Amino acid sequence: MAADAVATAEIRGALAGLRRATGLPVAFGGAVGPGAAQIRISELSGTATAALRSLVVTSGTGLGGRAVALGRACAVPDYSSSRRISHEYDAPVAAEGLRSVLAVPVVVRHRVRGVLYGALRTAQPLGDRALGGAVAAAREVERALAVRDEARGLLAALRPVVPEPATGREQVREAHAALRALAPRIADPELRAELLAACDLLTAPPAGGGPALAPRELDVLTWVATGATNAAVADRLGLRPETVKGYLRAAMRKLGAHTRGEAVTAARRAGVLP
């Protein structure tokens, strides 16, 4: 089973936060393979043995498989005696000494990408703190994966980069704006650098001695070039409209422009906009 490497990395990073948020001493998880039929438990935090490592859980079986099949969080107060789940994995769960267990699926665009687990070594109902914290941790992983997916999709659409045809300028400008808006949301520095490099490929080589626009000034001007209003730019970049106006004024001053249109034209001449 080929696990989702990106989902695996995000799940690995989420486990310590899940333990802090829930107060549960043990957390583990894994990514779903192609077709969402199986989960491979690859990431462990707080475990005392390796009994759960590389365990393959089929959708619909055990607690994690039930969470995948239902697409929602599931919990049992005593794993070994629960009648709500099947018991194919009792041996490794018992070897780790786990009793009360929860499982939360990671769902991105209606597709299950992984599962996060939290557990106690005592049999007792799990309260709202544990369930809420685990669900919040899964939502963070979902958001990170959605942003990564969007970034990868944009990059794939831009490869290979073709010289800009006259009839496709608007599409290129919209792609450039989308990439610039997405880059600050990327936590992975390598992926963020790749996105910004793709932005640079969409702009013409500078004529020499062009103005040095700050990153946010360029972000704002990029969306202005697509015809977006200040309110729309603010919404896309997560800024206040007044802040957008400030960045735009600063960019216009550096470009020696008196209007939005002049600023866009000057920026294109300087090679900082496509």
# chains A, B, ... in the order shown; residues from 1 in each chain; ligands from 1
$ residues_around --residues "Arg192 of chain A" --least-positions-apart "6" --cutoff "10 Å" --atoms "only C-alpha atoms" --output "list in words"
Arg148, Ala151, Leu179, Arg180, Leu182, Ala183, Pro184, Arg185, Ile186 and Ala198 of chain A
$ select_by_dssp --residues "segment 42-243 of chain A" --states "strand (DSSP E)" --output "number ranges by chain"
A: 42-45, 56-58, 74-76, 100-108, 111-120
$ atom_distance --atom1 "atom CA of Gly271 of chain A" --atom2 "atom CA of Val244 of chain A"
21.7 Å
$ residues_around --residues "Pro105 of chain A" --least-positions-apart "4" --cutoff "12 Å" --atoms "only C-alpha atoms" --output "PyMOL selection string"
chain A and resi 7+11+29-32+36+39+59+63-75+110-118+134-142
$ residues_around --residues "Val26 of chain A" --least-positions-apart "4" --cutoff "8 Å" --atoms "only C-alpha atoms" --output "ChimeraX atom specification"
/A:19,44-47,118-120
$ select_by_dssp --residues "segment 10-242 of chain A" --states "alpha helix (DSSP H)" --output "PyMOL selection string"
chain A and resi 10-22+62-70+90-95+128-157+169-182+189-201+215-224+230-237+241-242
$ write_last_selection --atoms "C-alpha atoms" --output "mmCIF file, in the first residue's frame"
data_model
loop_
_atom_site.group_PDB
_atom_site.id
_atom_site.type_symbol
_atom_site.label_atom_id
_atom_site.label_comp_id
_atom_site.auth_asym_id
_atom_site.auth_seq_id
_atom_site.Cartn_x
_atom_site.Cartn_y
_atom_site.Cartn_z
ATOM 1 C CA GLU A 10 1.270 16.497 8.371
ATOM 2 C CA ILE A 11 -0.017 13.763 10.687
ATOM 3 C CA ARG A 12 3.462 13.364 12.181
ATOM 4 C CA GLY A 13 3.545 17.052 13.004
ATOM 5 C CA ALA A 14 0.037 17.027 14.500
ATOM 6 C CA LEU A 15 0.485 14.304 17.125
ATOM 7 C CA ALA A 16 2.297 16.355 19.778
ATOM 8 C CA GLY A 17 -0.322 19.087 19.443
ATOM 9 C CA LEU A 18 -3.110 16.529 19.745
ATOM 10 C CA ARG A 19 -1.651 15.240 23.015
ATOM 11 C CA ARG A 20 -1.371 18.780 24.406
ATOM 12 C CA ALA A 21 -4.892 19.724 23.355
ATOM 13 C CA THR A 22 -6.555 16.559 24.630
ATOM 14 C CA GLY A 62 -11.586 -1.646 14.231
ATOM 15 C CA LEU A 63 -12.056 1.882 15.550
ATOM 16 C CA GLY A 64 -9.993 3.734 12.928
ATOM 17 C CA GLY A 65 -11.554 1.779 10.091
ATOM 18 C CA ARG A 66 -15.005 2.642 11.455
ATOM 19 C CA ALA A 67 -14.045 6.344 11.567
ATOM 20 C CA VAL A 68 -12.892 6.153 7.939
ATOM 21 C CA ALA A 69 -16.057 4.374 6.801
ATOM 22 C CA LEU A 70 -18.339 6.833 8.606
ATOM 23 C CA ASP A 90 -7.080 -6.311 19.703
ATOM 24 C CA ALA A 91 -3.630 -7.900 20.032
ATOM 25 C CA PRO A 92 -1.484 -4.849 19.111
ATOM 26 C CA VAL A 93 -3.828 -2.505 21.029
ATOM 27 C CA ALA A 94 -3.536 -4.717 24.123
ATOM 28 C CA ALA A 95 0.244 -5.018 23.674
ATOM 29 C CA ASP A 128 -15.449 16.875 25.453
ATOM 30 C CA ARG A 129 -11.885 18.168 25.891
ATOM 31 C CA ALA A 130 -10.386 15.027 24.396
ATOM 32 C CA LEU A 131 -12.866 14.736 21.541
ATOM 33 C CA GLY A 132 -12.838 18.453 20.750
ATOM 34 C CA GLY A 133 -9.048 18.665 20.836
ATOM 35 C CA ALA A 134 -8.648 15.654 18.560
ATOM 36 C CA VAL A 135 -11.166 17.010 16.061
ATOM 37 C CA ALA A 136 -9.417 20.400 16.099
ATOM 38 C CA ALA A 137 -6.066 18.708 15.422
ATOM 39 C CA ALA A 138 -7.577 16.838 12.471
ATOM 40 C CA ARG A 139 -9.057 20.082 11.103
ATOM 41 C CA GLU A 140 -5.584 21.690 11.200
ATOM 42 C CA VAL A 141 -4.183 18.798 9.174
ATOM 43 C CA GLU A 142 -7.072 19.123 6.720
ATOM 44 C CA ARG A 143 -6.411 22.839 6.223
ATOM 45 C CA ALA A 144 -2.702 22.242 5.660
ATOM 46 C CA LEU A 145 -3.386 19.495 3.124
ATOM 47 C CA ALA A 146 -5.970 21.612 1.287
ATOM 48 C CA VAL A 147 -3.453 24.451 0.913
ATOM 49 C CA ARG A 148 -0.763 22.027 -0.259
ATOM 50 C CA ASP A 149 -3.145 20.475 -2.771
ATOM 51 C CA GLU A 150 -4.060 23.899 -4.122
ATOM 52 C CA ALA A 151 -0.398 24.846 -4.419
ATOM 53 C CA ARG A 152 0.548 21.628 -6.174
ATOM 54 C CA GLY A 153 -2.382 22.002 -8.552
ATOM 55 C CA LEU A 154 -1.339 25.533 -9.503
ATOM 56 C CA LEU A 155 2.252 24.474 -10.024
ATOM 57 C CA ALA A 156 1.222 21.490 -12.138
ATOM 58 C CA ALA A 157 -0.913 23.750 -14.308
ATOM 59 C CA ARG A 169 -2.472 37.223 -20.762
ATOM 60 C CA GLU A 170 -5.462 37.441 -18.451
ATOM 61 C CA GLN A 171 -5.192 33.768 -17.509
ATOM 62 C CA VAL A 172 -1.487 34.203 -16.781
ATOM 63 C CA ARG A 173 -2.180 37.268 -14.644
ATOM 64 C CA GLU A 174 -4.892 35.462 -12.692
ATOM 65 C CA ALA A 175 -2.570 32.488 -12.122
ATOM 66 C CA HIS A 176 0.181 34.853 -10.960
ATOM 67 C CA ALA A 177 -2.219 36.544 -8.532
ATOM 68 C CA ALA A 178 -3.439 33.198 -7.171
ATOM 69 C CA LEU A 179 0.114 32.011 -6.599
ATOM 70 C CA ARG A 180 1.114 35.232 -4.839
ATOM 71 C CA ALA A 181 -1.940 35.000 -2.561
ATOM 72 C CA LEU A 182 -1.340 31.344 -1.749
ATOM 73 C CA PRO A 189 9.541 26.689 3.126
ATOM 74 C CA GLU A 190 10.588 24.602 0.120
ATOM 75 C CA LEU A 191 7.091 24.541 -1.359
ATOM 76 C CA ARG A 192 6.670 28.252 -0.640
ATOM 77 C CA ALA A 193 9.947 29.019 -2.431
ATOM 78 C CA GLU A 194 8.827 26.864 -5.360
ATOM 79 C CA LEU A 195 5.595 28.835 -5.620
ATOM 80 C CA LEU A 196 7.383 32.176 -5.553
ATOM 81 C CA ALA A 197 9.856 30.926 -8.163
ATOM 82 C CA ALA A 198 6.896 30.022 -10.377
ATOM 83 C CA CYS A 199 5.597 33.577 -9.883
ATOM 84 C CA ASP A 200 8.932 34.936 -11.083
ATOM 85 C CA LEU A 201 8.740 32.778 -14.214
ATOM 86 C CA PRO A 215 6.192 41.546 -0.944
ATOM 87 C CA ARG A 216 2.781 42.777 0.276
ATOM 88 C CA GLU A 217 2.894 45.785 -2.059
ATOM 89 C CA LEU A 218 3.477 43.380 -4.922
ATOM 90 C CA ASP A 219 0.698 41.069 -3.698
ATOM 91 C CA VAL A 220 -1.780 43.959 -3.672
ATOM 92 C CA LEU A 221 -0.675 45.294 -7.044
ATOM 93 C CA THR A 222 -0.895 41.803 -8.534
ATOM 94 C CA TRP A 223 -4.605 41.576 -7.679
ATOM 95 C CA VAL A 224 -5.237 45.181 -8.707
ATOM 96 C CA ASN A 230 -9.660 47.118 -2.853
ATOM 97 C CA ALA A 231 -12.368 45.207 -0.968
ATOM 98 C CA ALA A 232 -11.862 42.131 -3.151
ATOM 99 C CA VAL A 233 -8.080 42.349 -2.724
ATOM 100 C CA ALA A 234 -8.512 42.584 1.042
ATOM 101 C CA ASP A 235 -10.710 39.488 1.017
ATOM 102 C CA ARG A 236 -8.267 37.456 -1.083
ATOM 103 C CA LEU A 237 -5.226 38.428 0.992
ATOM 104 C CA PRO A 241 -9.329 47.405 3.083
ATOM 105 C CA GLU A 242 -7.463 50.287 4.751
#
$ closest_residue --among "A:Gly97, A:Pro211, A:Pro274, A:Pro125" --to "Met252 of chain A" --atoms "only C-alpha atoms"
A:Pro211
$ atom_distance --atom1 "atom CA of Tyr79 of chain A" --atom2 "atom CA of Leu98 of chain A"
7.5 Å
$ closest_residue --among "A:Leu55, A:Ala228, A:Ala214, A:Ala5" --to "Tyr247 of chain A" --atoms "only C-alpha atoms"
A:Ala214
$ residues_around --residues "Ala123 of chain A" --least-positions-apart "6" --cutoff "10 Å" --atoms "only C-alpha atoms" --output "short mmCIF file (atom, residue, chain, number, x, y, z; two decimals) with all heavy atoms, in the first residue's frame"
data_model
loop_
_atom_site.label_atom_id
_atom_site.label_comp_id
_atom_site.auth_asym_id
_atom_site.auth_seq_id
_atom_site.Cartn_x
_atom_site.Cartn_y
_atom_site.Cartn_z
N VAL A 76 -14.33 4.83 21.91
CA VAL A 76 -14.82 3.73 22.75
C VAL A 76 -14.17 3.87 24.12
O VAL A 76 -12.99 4.17 24.23
CB VAL A 76 -14.51 2.35 22.15
CG1 VAL A 76 -15.32 2.12 20.88
CG2 VAL A 76 -13.03 2.19 21.85
N PRO A 77 -14.94 3.64 25.21
CA PRO A 77 -14.37 3.77 26.56
C PRO A 77 -13.50 2.59 26.95
O PRO A 77 -12.66 2.72 27.85
CB PRO A 77 -15.61 3.87 27.45
CG PRO A 77 -16.67 3.17 26.69
CD PRO A 77 -16.39 3.43 25.24
N ASP A 78 -13.68 1.44 26.31
CA ASP A 78 -12.84 0.27 26.59
C ASP A 78 -12.74 -0.54 25.30
O ASP A 78 -13.67 -1.25 24.93
CB ASP A 78 -13.44 -0.57 27.71
CG ASP A 78 -12.46 -1.65 28.19
OD1 ASP A 78 -11.41 -1.83 27.56
OD2 ASP A 78 -12.76 -2.30 29.21
N TYR A 79 -11.62 -0.39 24.62
CA TYR A 79 -11.46 -0.96 23.28
C TYR A 79 -11.74 -2.46 23.25
O TYR A 79 -12.49 -2.93 22.39
CB TYR A 79 -10.03 -0.68 22.79
CG TYR A 79 -9.82 -0.99 21.32
CD1 TYR A 79 -9.87 0.03 20.37
CD2 TYR A 79 -9.57 -2.29 20.88
CE1 TYR A 79 -9.68 -0.24 19.02
CE2 TYR A 79 -9.38 -2.57 19.54
CZ TYR A 79 -9.44 -1.54 18.61
OH TYR A 79 -9.26 -1.82 17.28
N SER A 80 -11.14 -3.20 24.15
CA SER A 80 -11.20 -4.66 24.07
C SER A 80 -12.59 -5.23 24.26
O SER A 80 -12.93 -6.29 23.73
CB SER A 80 -10.25 -5.30 25.09
OG SER A 80 -10.64 -4.94 26.40
N SER A 81 -13.44 -4.50 25.01
CA SER A 81 -14.78 -5.04 25.29
C SER A 81 -15.89 -4.35 24.49
O SER A 81 -17.06 -4.70 24.64
CB SER A 81 -15.08 -4.91 26.79
OG SER A 81 -15.13 -3.55 27.17
N LEU A 98 -3.51 -0.09 25.67
CA LEU A 98 -4.51 0.96 25.47
C LEU A 98 -5.89 0.44 25.80
O LEU A 98 -6.25 -0.69 25.48
CB LEU A 98 -4.47 1.45 24.02
CG LEU A 98 -3.11 1.95 23.52
CD1 LEU A 98 -3.22 2.45 22.09
CD2 LEU A 98 -2.57 3.05 24.43
N ARG A 99 -6.71 1.31 26.42
CA ARG A 99 -8.08 0.92 26.76
C ARG A 99 -9.08 1.89 26.13
O ARG A 99 -9.87 1.52 25.28
CB ARG A 99 -8.25 0.91 28.29
CG ARG A 99 -7.31 -0.03 29.02
CD ARG A 99 -7.66 -1.49 28.77
NE ARG A 99 -8.97 -1.85 29.27
CZ ARG A 99 -9.25 -2.14 30.54
NH1 ARG A 99 -8.30 -2.11 31.46
NH2 ARG A 99 -10.49 -2.48 30.89
N SER A 100 -9.07 3.14 26.55
CA SER A 100 -9.99 4.14 26.00
C SER A 100 -9.33 4.81 24.79
O SER A 100 -8.23 5.35 24.90
CB SER A 100 -10.31 5.19 27.07
OG SER A 100 -11.26 6.12 26.59
N VAL A 101 -10.01 4.75 23.64
CA VAL A 101 -9.39 5.19 22.38
C VAL A 101 -10.38 6.02 21.57
O VAL A 101 -11.58 5.72 21.55
CB VAL A 101 -8.91 3.98 21.54
CG1 VAL A 101 -8.13 4.46 20.30
CG2 VAL A 101 -8.08 3.02 22.37
#
$ atom_distance --atom1 "atom CA of Val106 of chain A" --atom2 "atom CA of Thr8 of chain A"
11.0 Å
